[in-house]
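Reproduced below: target-v3.txt, with compact mmCIF, C-alpha atoms and all ligand atoms.
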```txt
# COMPACT_ATOMS: atom_id res chain seq x y z
CA MET O 1 100.55 209.78 103.93
CA LYS O 2 97.23 211.35 104.98
CA ALA O 3 96.94 215.16 105.28
CA GLY O 4 96.17 214.75 109.00
CA GLU O 5 99.47 212.93 109.53
CA VAL O 6 101.33 215.70 107.72
CA MET O 7 99.80 218.24 110.10
CA THR O 8 100.78 216.14 113.13
CA ILE O 9 104.35 216.03 111.87
CA LEU O 10 104.34 219.79 111.28
CA ASP O 11 103.02 220.40 114.81
CA ASN O 12 105.82 218.19 116.16
CA ALA O 13 108.34 220.08 114.01
CA LEU O 14 107.13 223.39 115.44
CA ARG O 15 107.58 222.00 118.97
CA ILE O 16 111.07 220.71 118.14
CA GLY O 17 112.02 224.10 116.70
CA LYS O 18 110.64 226.01 119.66
CA GLY O 19 112.64 223.74 121.94
CA VAL O 20 115.93 225.14 120.63
CA THR O 21 114.95 228.76 119.92
CA ARG O 22 116.25 229.96 123.28
CA TYR O 23 119.78 228.78 122.44
CA GLY O 24 120.05 231.21 119.50
CA LYS O 25 120.25 234.99 119.14
CA VAL O 26 118.68 237.52 116.78
CA ALA O 27 121.15 239.23 114.40
CA ALA O 28 122.42 242.30 116.21
CA TYR O 29 124.99 243.63 113.73
CA ILE O 30 122.09 245.18 111.81
CA PRO O 31 120.53 247.21 114.68
CA GLU O 32 117.00 247.06 113.28
CA LEU O 33 117.08 243.23 113.28
CA ALA O 34 118.01 243.19 116.97
CA LYS O 35 114.45 244.40 117.71
CA LYS O 36 112.83 241.21 116.36
CA ASP O 37 111.05 238.71 118.61
CA LYS O 38 113.27 235.64 118.72
CA ASN O 39 110.41 233.35 119.73
CA LYS O 40 108.58 233.64 116.42
CA LEU O 41 108.49 230.48 114.33
CA GLY O 42 106.53 229.58 111.21
CA ILE O 43 106.75 226.65 108.79
CA CYS O 44 105.11 226.52 105.40
CA LEU O 45 105.17 223.54 103.12
CA TYR O 46 103.81 223.61 99.53
CA THR O 47 103.77 220.33 97.63
CA ILE O 48 104.08 219.71 93.93
CA ASP O 49 100.55 218.24 93.94
CA GLY O 50 99.13 221.55 95.14
CA ASP O 51 98.73 220.74 98.85
CA ARG O 52 99.58 223.51 101.29
CA PHE O 53 100.36 223.02 104.96
CA GLU O 54 101.47 225.60 107.49
CA VAL O 55 101.90 226.18 111.22
CA GLY O 56 102.97 229.12 113.36
CA ASN O 57 103.95 232.61 112.21
CA THR O 58 103.74 232.09 108.46
CA GLU O 59 102.24 235.52 107.68
CA ASP O 60 104.85 237.61 109.50
CA ARG O 61 106.98 239.79 107.25
CA PHE O 62 110.75 239.77 107.68
CA THR O 63 113.66 240.81 105.49
CA ILE O 64 114.85 238.19 103.05
CA GLN O 65 118.57 239.01 103.58
CA SER O 66 120.89 236.38 102.12
CA ILE O 67 118.06 234.36 100.57
CA ALA O 68 117.94 237.16 97.96
CA LYS O 69 121.29 235.75 96.81
CA VAL O 70 119.37 232.81 95.31
CA MET O 71 116.98 235.02 93.31
CA ALA O 72 119.90 237.21 92.23
CA LEU O 73 121.85 234.17 91.05
CA CYS O 74 118.84 232.88 89.07
CA LEU O 75 118.39 236.25 87.36
CA ALA O 76 122.12 236.64 86.68
CA LEU O 77 122.42 233.14 85.17
CA GLU O 78 119.39 233.75 82.95
CA THR O 79 120.59 237.21 81.90
CA PHE O 80 124.34 236.78 81.43
CA GLY O 81 124.75 233.00 81.08
CA ALA O 82 126.66 230.55 83.28
CA GLY O 83 130.00 231.12 81.52
CA PHE O 84 130.07 234.82 82.33
CA VAL O 85 128.73 234.47 85.89
CA PHE O 86 131.13 231.67 86.88
CA ASP O 87 134.07 233.51 85.34
CA HIS O 88 133.50 236.06 88.09
CA VAL O 89 132.30 233.87 91.00
CA GLY O 90 133.37 230.33 91.87
CA VAL O 91 131.24 227.41 93.08
CA GLU O 92 133.34 226.05 95.96
CA PRO O 93 132.32 226.11 99.63
CA SER O 94 134.57 228.60 101.41
CA GLY O 95 134.54 227.00 104.88
CA GLU O 96 134.50 230.56 106.23
CA ALA O 97 131.78 232.79 107.66
CA PHE O 98 129.34 234.48 105.26
CA ASN O 99 131.01 237.88 105.58
CA SER O 100 134.61 236.69 105.41
CA LEU O 101 137.10 238.27 103.06
CA VAL O 102 140.25 236.41 104.08
CA GLU O 103 139.85 233.60 101.54
CA LEU O 104 139.18 236.14 98.79
CA ASP O 105 142.26 238.11 99.72
CA ASN O 106 144.62 235.18 100.35
CA ARG O 107 143.46 232.20 98.35
CA SER O 108 141.63 233.36 95.24
CA ASN O 109 141.06 236.01 92.62
CA ARG O 110 137.37 235.19 92.57
CA PRO O 111 134.87 234.95 95.42
CA PHE O 112 134.50 231.27 96.36
CA ASN O 113 130.75 231.10 95.67
CA PRO O 114 127.63 233.26 95.13
CA MET O 115 126.05 232.47 98.53
CA ILE O 116 128.65 234.31 100.62
CA ASN O 117 128.69 238.10 100.71
CA SER O 118 131.71 238.57 98.43
CA GLY O 119 130.13 236.39 95.73
CA ALA O 120 126.69 237.92 96.13
CA ILE O 121 128.03 241.47 95.97
CA THR O 122 129.74 240.47 92.71
CA VAL O 123 126.45 239.11 91.33
CA ALA O 124 124.57 242.19 92.60
CA SER O 125 127.09 244.42 90.87
CA MET O 126 126.45 242.64 87.54
CA LEU O 127 122.70 243.00 88.00
CA GLU O 128 122.98 246.62 89.07
CA GLY O 129 124.57 247.41 85.70
CA ARG O 130 121.55 245.94 83.91
CA TYR O 131 118.46 246.28 86.12
CA SER O 132 116.89 248.91 88.36
CA ILE O 133 116.07 247.91 91.94
CA GLU O 134 112.38 248.17 90.96
CA GLU O 135 112.98 245.50 88.31
CA MET O 136 114.75 243.31 90.87
CA GLN O 137 111.80 243.80 93.22
CA LYS O 138 109.37 242.84 90.43
CA TYR O 139 111.40 239.68 89.77
CA MET O 140 111.12 238.73 93.45
CA GLN O 141 107.38 239.50 93.41
CA ASP O 142 106.94 237.27 90.35
CA VAL O 143 108.90 234.25 91.59
CA CYS O 144 107.25 234.48 95.03
CA GLU O 145 103.80 235.34 93.57
CA ASP O 146 103.35 238.27 95.94
CA PRO O 147 102.94 241.85 94.65
CA GLU O 148 103.31 243.16 98.21
CA ILE O 149 107.05 242.39 98.42
CA ALA O 150 108.82 245.71 98.99
CA ILE O 151 111.93 247.14 100.62
CA ASP O 152 111.76 247.44 104.41
CA GLU O 153 113.21 250.94 104.54
CA ALA O 154 114.03 250.82 108.27
CA VAL O 155 116.14 247.66 107.86
CA PHE O 156 117.72 249.01 104.68
CA GLU O 157 118.77 252.28 106.37
CA SER O 158 119.96 250.38 109.43
CA GLU O 159 122.18 248.08 107.37
CA MET O 160 123.50 250.93 105.19
CA ALA O 161 124.62 252.69 108.34
CA THR O 162 126.56 249.65 109.54
CA CYS O 163 127.80 247.94 106.36
CA ALA O 164 131.48 248.92 106.53
CA ARG O 165 132.50 245.29 106.16
CA ASN O 166 130.46 244.76 102.99
CA LYS O 167 131.97 247.94 101.59
CA ALA O 168 135.43 246.62 102.47
CA ILE O 169 134.59 243.41 100.58
CA ALA O 170 133.32 245.42 97.60
CA TYR O 171 136.45 247.61 97.51
CA LEU O 172 138.58 244.45 97.63
CA LEU O 173 136.54 243.06 94.71
CA LYS O 174 137.11 246.30 92.82
CA SER O 175 140.85 246.27 93.57
CA LYS O 176 140.99 242.77 92.07
CA GLN O 177 138.96 243.96 89.04
CA ILE O 178 136.25 241.42 89.79
CA ILE O 179 133.61 244.14 89.75
CA ASP O 180 133.64 247.04 87.28
CA ASN O 181 130.73 249.09 88.52
CA ASP O 182 130.70 251.77 91.16
CA VAL O 183 131.37 250.19 94.57
CA GLU O 184 128.91 252.31 96.54
CA GLU O 185 126.12 251.70 94.02
CA SER O 186 126.80 247.95 94.00
CA VAL O 187 126.63 247.75 97.81
CA THR O 188 123.45 249.85 97.85
CA PHE O 189 121.78 247.55 95.30
CA TYR O 190 122.91 244.47 97.26
CA THR O 191 121.63 245.92 100.56
CA GLN O 192 118.30 246.89 98.97
CA MET O 193 117.72 243.37 97.65
CA CYS O 194 118.57 241.95 101.09
CA ALA O 195 116.00 244.32 102.67
CA MET O 196 113.03 243.01 100.63
CA SER O 197 110.29 242.03 103.02
CA VAL O 198 108.81 238.53 102.62
CA THR O 199 106.86 235.83 104.49
CA ALA O 200 107.46 232.10 105.01
CA ARG O 201 104.68 231.59 102.44
CA ASN O 202 106.67 233.56 99.85
CA LEU O 203 109.70 231.35 100.46
CA ALA O 204 107.63 228.16 100.15
CA THR O 205 106.21 229.48 96.86
CA PHE O 206 109.68 230.19 95.49
CA GLY O 207 110.92 226.83 96.83
CA LEU O 208 108.07 225.08 95.04
CA LEU O 209 108.97 226.87 91.78
CA LEU O 210 112.49 225.45 92.05
CA ALA O 211 111.21 222.01 93.14
CA ASN O 212 108.99 222.04 90.02
CA ASP O 213 111.96 222.63 87.68
CA GLY O 214 111.26 226.37 87.27
CA ILE O 215 107.62 225.96 86.19
CA GLN O 216 105.06 227.92 88.20
CA LEU O 217 102.48 225.45 89.51
CA SER O 218 99.59 227.96 89.51
CA THR O 219 99.96 228.98 85.83
CA GLY O 220 102.01 226.23 84.18
CA LYS O 221 104.41 228.95 82.94
CA ARG O 222 108.16 228.42 82.92
CA LEU O 223 109.82 231.26 84.87
CA ILE O 224 113.34 229.80 85.23
CA SER O 225 115.20 227.40 82.93
CA SER O 226 115.89 223.80 84.02
CA GLN O 227 119.62 224.39 83.70
CA THR O 228 119.51 227.39 86.05
CA VAL O 229 117.35 225.50 88.56
CA ARG O 230 119.82 222.62 88.60
CA MET O 231 122.86 224.85 89.07
CA VAL O 232 121.25 226.98 91.75
CA GLN O 233 120.07 223.99 93.78
CA THR O 234 123.52 222.42 93.61
CA ILE O 235 125.09 225.60 94.99
CA MET O 236 122.40 225.86 97.68
CA LEU O 237 123.21 222.32 98.83
CA THR O 238 126.99 222.79 98.88
CA CYS O 239 127.23 226.44 100.01
CA GLY O 240 123.79 227.68 101.17
CA MET O 241 124.45 227.31 104.89
CA TYR O 242 127.99 228.73 104.76
CA ASP O 243 130.51 226.93 106.97
CA GLY O 244 127.66 224.76 108.25
CA SER O 245 126.75 223.48 104.76
CA GLY O 246 128.32 220.02 105.03
CA GLU O 247 126.79 219.16 108.38
CA PHE O 248 123.40 220.51 107.29
CA ALA O 249 123.51 218.53 104.02
CA LEU O 250 124.32 215.35 105.92
CA LYS O 251 121.46 215.90 108.37
CA THR O 252 118.71 217.02 105.97
CA GLY O 253 119.87 216.48 102.38
CA ILE O 254 117.69 219.43 101.33
CA PRO O 255 119.15 222.33 99.30
CA THR O 256 118.53 225.30 101.61
CA LYS O 257 119.48 228.95 101.90
CA SER O 258 119.39 230.98 105.08
CA GLY O 259 119.13 234.69 105.78
CA VAL O 260 119.97 236.60 108.98
CA GLY O 261 116.40 237.95 108.98
CA GLY O 262 115.48 234.41 110.13
CA GLY O 263 114.28 232.96 106.85
CA LEU O 264 115.07 229.55 105.38
CA LEU O 265 114.25 228.57 101.82
CA SER O 266 114.32 224.82 101.17
CA VAL O 267 113.76 222.84 97.99
CA ALA O 268 112.87 219.16 98.01
CA GLN O 269 113.25 218.21 94.38
CA LYS O 270 109.97 217.14 92.66
CA LYS O 271 108.29 217.08 96.09
CA MET O 272 107.86 220.46 97.80
CA GLY O 273 109.03 223.95 98.63
CA ILE O 274 109.50 224.82 102.30
CA GLY O 275 109.59 228.30 103.81
CA ILE O 276 110.56 228.85 107.45
CA TYR O 277 110.71 231.97 109.58
CA GLY O 278 112.51 232.00 112.94
CA PRO O 279 114.78 234.97 113.76
CA SER O 280 116.75 233.20 116.50
CA LEU O 281 120.05 232.30 114.80
CA ASP O 282 122.86 229.86 115.53
CA GLU O 283 126.50 231.01 115.62
CA LYS O 284 126.82 230.61 111.84
CA GLY O 285 123.90 232.97 111.18
CA ASN O 286 121.36 230.26 110.28
CA CYS O 287 117.85 229.93 111.79
CA ILE O 288 118.50 227.65 114.78
CA ALA O 289 114.98 226.23 115.00
CA GLY O 290 114.76 225.67 111.25
CA CYS O 291 118.01 223.70 111.12
CA GLU O 292 116.82 221.44 113.91
CA LEU O 293 113.29 220.86 112.66
CA LEU O 294 114.31 220.35 109.03
CA GLY O 295 116.27 217.26 110.10
CA TYR O 296 113.06 215.86 111.56
CA ILE O 297 110.89 216.86 108.57
CA SER O 298 113.41 215.43 106.12
CA GLU O 299 113.33 212.08 107.88
CA ALA O 300 109.55 212.03 108.29
CA PHE O 301 108.76 212.95 104.66
CA HIS O 302 111.79 211.25 103.05
CA LEU O 303 113.10 214.52 101.64
CA HIS O 304 116.82 213.78 101.71
CA ILE O 305 118.14 214.10 98.16
CA PHE O 306 119.50 210.53 98.37
CA ASP O 307 116.43 209.01 100.03
CA GLN O 308 114.69 206.98 97.34
CA THR O 309 111.53 206.19 99.30
CA GLU O 310 108.35 207.35 97.54
CA TRP O 311 106.34 209.90 99.46
CA LYS O 312 102.98 211.51 98.64
CA VAL O 313 100.03 213.14 100.39
CA GLU O 314 96.89 211.08 99.73
O1 LIG A 1 125.21 241.35 103.95
C1 LIG A 1 124.75 241.03 105.04
O2 LIG A 1 125.48 240.89 106.03
C2 LIG A 1 123.25 240.80 105.14
N1 LIG A 1 122.55 241.73 104.32
C3 LIG A 1 122.89 239.41 104.74
C4 LIG A 1 123.68 238.35 105.47
C5 LIG A 1 122.92 237.10 105.69
O3 LIG A 1 121.74 237.05 105.59
C6 LIG A 1 123.71 235.93 106.15
N2 LIG A 1 122.84 234.78 106.28
N3 LIG A 1 122.51 233.99 107.04
```
Do you think you could lay out the structure here as structure tokens?
Amino acid sequence: MKAGEVMTILDNALRIGKGVTRYGKVAAYIPELAKKDKNKLGICLYTIDGDRFEVGNTEDRFTIQSIAKVMALCLALETFGAGFVFDHVGVEPSGEAFNSLVELDNRSNRPFNPMINSGAITVASMLEGRYSIEEMQKYMQDVCEDPEIAIDEAVFESEMATCARNKAIAYLLKSKQIIDNDVEESVTFYTQMCAMSVTARNLATFGLLLANDGIQLSTGKRLISSQTVRMVQTIMLTCGMYDGSGEFALKTGIPTKSGVGGGLLSVAQKKMGIGIYGPSLDEKGNCIAGCELLGYISEAFHLHIFDQTEWKVE
């Protein structure tokens, strides 16, 4: 495919996304996020051959929110090993909302997976015992190749003032001896990592790192092991979009993680990383425009994990 055709498809994707933006809502349960402009939309696509394409609001900063769960899982797997991590957090889709605690209370002694809040707070608690938040920030800066990534203090304070539910989840985890560390410190660390401020470009860069088996394209350096990349992508595909994961996988076939800040991180294996920003969310808390336009992009560029058609930019 010629670069010009890619740009035409991206322009169409932007139009498709904008067509559904009005049907979504910005996250309001974190008051600071309710102030965001729901009409913003940016798409960034970085290929494994070094081509970069982008349209719309790709330079806007927004908080990474639940997409930080992917970085946290990578770091936890590399630090503690899969055996230890998956002893504490499962790998099954929960079929419940991202902030649910019913399945943890009624059906399991482990959070169902690391993409929902209960699982991510467990992972954050492990990391909090080993790393400072500055080290976590540096990890995010490295994998996204952006030294400017920092905590958005306004969003952090806003979420800390309204995170009773996450604290309830963390106390439940503590009562089940799933986390050992201090509950308040674990929730603070988790909320700080969710409040890191990124761009769609940062997400495309991180997506490309995963698409390239953990090897940074710009330096040739391995930042994440193949085994971790494989596990993380599997969990993104099965659990990354919460109780919408099955439908999303069917439609796009692209391992993706959403955040209520409006971000989407997508990984098309051996092809490209995709970063999207659009703060208008569907009822499951996923970027409404991104979900719609990724179906179109997946079809146009043959990105579905089970699509065997060759695709390259000439
Ligand atoms: O814990 C929370 O509720 C937020 N910090 C993150 C939730 C989130 O991003 C859900 N994703 N779509």
(message) One decimal, in Å: what's the spacing between CA of Ile67 in chain O and atom O3 of ligand LIG 1 (chain A)?
(response)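 Going from CA of Ile67 in chain O over to atom O3 of ligand LIG 1 (chain A) covers 6.8 Å.
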(request) Would you list the contacts of Phe112 in chain O as a list of chain:residue names, taking every protein, DNA or RNA residue within 9 Å and counting all atoms listed in the file, but skipping same-chain residues closer than 6 positions in sequence? (result)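 Counting only the stated atoms, we get O:Val89, O:Gly90, O:Val91, O:Glu92, O:Pro93, O:Ser94, O:Glu103, O:Leu104, O:Ser118, O:Gly119.
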Let me see if you get this right: every residue at most 10 Å from ligand LIG 1 (chain A), counting all atoms listed in the file, written as an mmCIF file with C-alpha atoms, keeping the file's coordinate frame.
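result_21.cif, written as the output of this step:
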```cif
data_model
loop_
_atom_site.group_PDB
_atom_site.id
_atom_site.type_symbol
_atom_site.label_atom_id
_atom_site.label_comp_id
_atom_site.auth_asym_id
_atom_site.auth_seq_id
_atom_site.Cartn_x
_atom_site.Cartn_y
_atom_site.Cartn_z
ATOM 1 C CA ALA O 27 121.150 239.230 114.400
ATOM 2 C CA TYR O 29 124.990 243.630 113.730
ATOM 3 C CA ILE O 30 122.090 245.180 111.810
ATOM 4 C CA THR O 63 113.660 240.810 105.490
ATOM 5 C CA ILE O 64 114.850 238.190 103.050
ATOM 6 C CA GLN O 65 118.570 239.010 103.580
ATOM 7 C CA SER O 66 120.890 236.380 102.120
ATOM 8 C CA ILE O 67 118.060 234.360 100.570
ATOM 9 C CA ALA O 68 117.940 237.160 97.960
ATOM 10 C CA LYS O 69 121.290 235.750 96.810
ATOM 11 C CA ALA O 97 131.780 232.790 107.660
ATOM 12 C CA PHE O 98 129.340 234.480 105.260
ATOM 13 C CA ASN O 99 131.010 237.880 105.580
ATOM 14 C CA MET O 115 126.050 232.470 98.530
ATOM 15 C CA ILE O 116 128.650 234.310 100.620
ATOM 16 C CA ASN O 117 128.690 238.100 100.710
ATOM 17 C CA SER O 118 131.710 238.570 98.430
ATOM 18 C CA ALA O 120 126.690 237.920 96.130
ATOM 19 C CA ILE O 121 128.030 241.470 95.970
ATOM 20 C CA VAL O 155 116.140 247.660 107.860
ATOM 21 C CA PHE O 156 117.720 249.010 104.680
ATOM 22 C CA GLU O 159 122.180 248.080 107.370
ATOM 23 C CA MET O 160 123.500 250.930 105.190
ATOM 24 C CA THR O 162 126.560 249.650 109.540
ATOM 25 C CA CYS O 163 127.800 247.940 106.360
ATOM 26 C CA ARG O 165 132.500 245.290 106.160
ATOM 27 C CA ASN O 166 130.460 244.760 102.990
ATOM 28 C CA LYS O 167 131.970 247.940 101.590
ATOM 29 C CA VAL O 187 126.630 247.750 97.810
ATOM 30 C CA TYR O 190 122.910 244.470 97.260
ATOM 31 C CA THR O 191 121.630 245.920 100.560
ATOM 32 C CA GLN O 192 118.300 246.890 98.970
ATOM 33 C CA MET O 193 117.720 243.370 97.650
ATOM 34 C CA CYS O 194 118.570 241.950 101.090
ATOM 35 C CA ALA O 195 116.000 244.320 102.670
ATOM 36 C CA GLY O 240 123.790 227.680 101.170
ATOM 37 C CA MET O 241 124.450 227.310 104.890
ATOM 38 C CA TYR O 242 127.990 228.730 104.760
ATOM 39 C CA LYS O 257 119.480 228.950 101.900
ATOM 40 C CA SER O 258 119.390 230.980 105.080
ATOM 41 C CA GLY O 259 119.130 234.690 105.780
ATOM 42 C CA VAL O 260 119.970 236.600 108.980
ATOM 43 C CA GLY O 261 116.400 237.950 108.980
ATOM 44 C CA GLY O 262 115.480 234.410 110.130
ATOM 45 C CA GLY O 263 114.280 232.960 106.850
ATOM 46 C CA LEU O 264 115.070 229.550 105.380
ATOM 47 C CA LEU O 281 120.050 232.300 114.800
ATOM 48 C CA ASP O 282 122.860 229.860 115.530
ATOM 49 C CA GLU O 283 126.500 231.010 115.620
ATOM 50 C CA LYS O 284 126.820 230.610 111.840
ATOM 51 C CA GLY O 285 123.900 232.970 111.180
ATOM 52 C CA ASN O 286 121.360 230.260 110.280
ATOM 53 C CA CYS O 287 117.850 229.930 111.790
#
```
(request) Tell me which of O:Ala289, O:Leu73, O:Ile133, O:Val198 sits closest to Ile149 in chain O, counting all atoms listed in the file. (result)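 Nearest to Ile149 in chain O: O:Val198.
Atom pair CA of Ile274 in chain O / CA of Lys35 in chain O has a distance of 25.4 Å (rounded to one decimal).
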(request) Kindly give the distance, in Å, that separates CA of Lys36 in chain O and CA of Asn57 in chain O, rounded to a single decimal. (result) 13.0 Å
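Minimum atom-to-atom distances from O:Cys291, O:Val55, O:Leu208, O:Met236 to Phe248 in chain O were compared using only C-alpha atoms, and the lowest value belongs to O:Cys291.
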(request) Compare O:Cys74, O:Ile179, O:Ala3, O:Val123 by their minimum atom-to-atom distance to Arg230 in chain O, counting all atoms listed in the file, and give me the closest one. (result)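 Closest to Arg230 in chain O, using all atoms listed in the file: O:Cys74.
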(message) Give me, as number ranges by chain, all polymer residues having an atom no more than 12 Å from His88 in chain O, counting only C-alpha atoms and skipping those fewer than 6 positions away in the same chain.
(response) O: 76-77, 80-82, 108-114, 118-126, 173-174, 176-180
(request) For a cut-off of 6 Å around (108.6, 235.3, 97.0), file coordinates, pick out all residues using all atoms listed in the file and list them as JSON, numbers by chain. (result) {"O": [140, 141, 143, 144, 145, 202, 203, 206]}
Expected file: the selected residues, C-alpha atoms, as a JSON list (two decimals), in the coordinates of the input:
```
[["chain", "number", "residue", "atom", "x", "y", "z"],
["O", 140, "MET", "CA", 111.12, 238.73, 93.45],
["O", 141, "GLN", "CA", 107.38, 239.50, 93.41],
["O", 143, "VAL", "CA", 108.90, 234.25, 91.59],
["O", 144, "CYS", "CA", 107.25, 234.48, 95.03],
["O", 145, "GLU", "CA", 103.80, 235.34, 93.57],
["O", 202, "ASN", "CA", 106.67, 233.56, 99.85],
["O", 203, "LEU", "CA", 109.70, 231.35, 100.46],
["O", 206, "PHE", "CA", 109.68, 230.19, 95.49]]
```
(message) Let me make sure I understand: among O:Ala168, O:Ile43, O:Val6, O:Ala28, which one has the smallest atom-to-atom distance to Leu294 in chain O if we use all atoms listed in the file?
(response) O:Ile43
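Residues in contact with Gly220 in chain O at up to 12 Å, not including ones fewer than 6 positions away on its chain and judged by all atoms listed in the file, are O:Ile48, O:Leu209, O:Asn212, O:Asp213, O:Gly214.
Minimum atom-to-atom distances from O:Lys270, O:Lys221, O:Glu148, O:Arg201 to Glu310 in chain O were compared using only C-alpha atoms, and the lowest value belongs to O:Lys270.
Residue nearest Gly246 in chain O, chosen from O:Asp87, O:Gly95, O:Lys312, O:Pro279 and counting all atoms listed in the file: O:Gly95.
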If the box runs along x, y and z of the file and leaves 6 Å on each side of range 229-247 of chain O, what are its centre and edge lengths in Å, one decimal, as lines of an AutoDock Vina configuration file?
```
center_x = 123.9
center_y = 223.9
center_z = 98.5
size_x = 25.2
size_y = 21.6
size_z = 31.8
```
(request) Give as a list in words the set of residues within 10 Å of the point (102.6, 214.0, 103.9), where distances use the file's coordinates and all atoms listed in the file. (result)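 Every residue inside that radius is included here: Met1, Lys2, Ala3, Gly4, Glu5, Val6, Met7, Thr8, Ile9, Leu10, Leu45, Thr47, Asp51, Phe53, Ile297, Ala300, Phe301, His302, Trp311, Lys312, Val313 and Glu314 of chain O.
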Surrounding residues of Gln137 in chain O excluding itself and chain neighbours under 5 positions, 9 Å, all atoms listed in the file, as a CSV table (one decimal) with C-alpha atoms, in the coordinates of the input:
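File written: result_16.csv
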```
chain,number,residue,atom,x,y,z
O,132,SER,CA,116.9,248.9,88.4
O,142,ASP,CA,106.9,237.3,90.4
O,149,ILE,CA,107.0,242.4,98.4
O,150,ALA,CA,108.8,245.7,99.0
O,151,ILE,CA,111.9,247.1,100.6
O,193,MET,CA,117.7,243.4,97.6
O,196,MET,CA,113.0,243.0,100.6
```
Please rebuild range 269-274 of chain O with all heavy atoms and give the result as a PDB file, keeping the file's coordinate frame.
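Heads up, here's the output in out.pdb:
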```
ATOM      1  N   GLN O 269     113.408 218.467  95.808  1.00  0.00           N
ATOM      2  CA  GLN O 269     113.250 218.210  94.380  1.00  0.00           C
ATOM      3  C   GLN O 269     112.025 217.358  94.054  1.00  0.00           C
ATOM      4  O   GLN O 269     111.860 216.277  94.613  1.00  0.00           O
ATOM      5  CB  GLN O 269     114.538 217.510  93.913  1.00  0.00           C
ATOM      6  CG  GLN O 269     114.642 217.192  92.468  1.00  0.00           C
ATOM      7  CD  GLN O 269     114.716 218.473  91.617  1.00  0.00           C
ATOM      8  OE1 GLN O 269     114.889 219.568  92.122  1.00  0.00           O
ATOM      9  NE2 GLN O 269     114.553 218.316  90.333  1.00  0.00           N
ATOM     10  N   LYS O 270     111.177 217.856  93.144  1.00  0.00           N
ATOM     11  CA  LYS O 270     109.970 217.140  92.660  1.00  0.00           C
ATOM     12  C   LYS O 270     109.006 216.789  93.797  1.00  0.00           C
ATOM     13  O   LYS O 270     108.093 215.989  93.614  1.00  0.00           O
ATOM     14  CB  LYS O 270     110.341 215.866  91.911  1.00  0.00           C
ATOM     15  CG  LYS O 270     111.051 216.106  90.603  1.00  0.00           C
ATOM     16  CD  LYS O 270     110.751 214.960  89.635  1.00  0.00           C
ATOM     17  CE  LYS O 270     111.140 215.277  88.227  1.00  0.00           C
ATOM     18  NZ  LYS O 270     112.560 215.106  87.950  1.00  0.00           N
ATOM     19  N   LYS O 271     109.204 217.378  94.980  1.00  0.00           N
ATOM     20  CA  LYS O 271     108.290 217.080  96.090  1.00  0.00           C
ATOM     21  C   LYS O 271     107.650 218.331  96.647  1.00  0.00           C
ATOM     22  O   LYS O 271     106.441 218.480  96.621  1.00  0.00           O
ATOM     23  CB  LYS O 271     109.031 216.329  97.196  1.00  0.00           C
ATOM     24  CG  LYS O 271     109.371 214.908  96.825  1.00  0.00           C
ATOM     25  CD  LYS O 271     109.988 214.150  97.972  1.00  0.00           C
ATOM     26  CE  LYS O 271     110.255 212.701  97.594  1.00  0.00           C
ATOM     27  NZ  LYS O 271     111.596 212.275  97.909  1.00  0.00           N
ATOM     28  N   MET O 272     108.460 219.284  97.146  1.00  0.00           N
ATOM     29  CA  MET O 272     107.860 220.460  97.800  1.00  0.00           C
ATOM     30  C   MET O 272     108.837 221.606  97.970  1.00  0.00           C
ATOM     31  O   MET O 272     110.059 221.431  97.910  1.00  0.00           O
ATOM     32  CB  MET O 272     107.320 220.065  99.178  1.00  0.00           C
ATOM     33  CG  MET O 272     108.390 219.638 100.153  1.00  0.00           C
ATOM     34  SD  MET O 272     107.724 219.248 101.793  1.00  0.00           S
ATOM     35  CE  MET O 272     106.962 217.670 101.494  1.00  0.00           C
ATOM     36  N   GLY O 273     108.263 222.790  98.198  1.00  0.00           N
ATOM     37  CA  GLY O 273     109.030 223.950  98.630  1.00  0.00           C
ATOM     38  C   GLY O 273     108.710 224.183 100.090  1.00  0.00           C
ATOM     39  O   GLY O 273     107.554 224.000 100.510  1.00  0.00           O
ATOM     40  N   ILE O 274     109.717 224.561 100.877  1.00  0.00           N
ATOM     41  CA  ILE O 274     109.500 224.820 102.300  1.00  0.00           C
ATOM     42  C   ILE O 274     110.002 226.222 102.629  1.00  0.00           C
ATOM     43  O   ILE O 274     111.110 226.599 102.219  1.00  0.00           O
ATOM     44  CB  ILE O 274     110.256 223.787 103.184  1.00  0.00           C
ATOM     45  CG1 ILE O 274     109.861 222.352 102.806  1.00  0.00           C
ATOM     46  CG2 ILE O 274     109.991 224.045 104.676  1.00  0.00           C
ATOM     47  CD1 ILE O 274     110.705 221.274 103.489  1.00  0.00           C
TER      48      ILE O 274
END
```
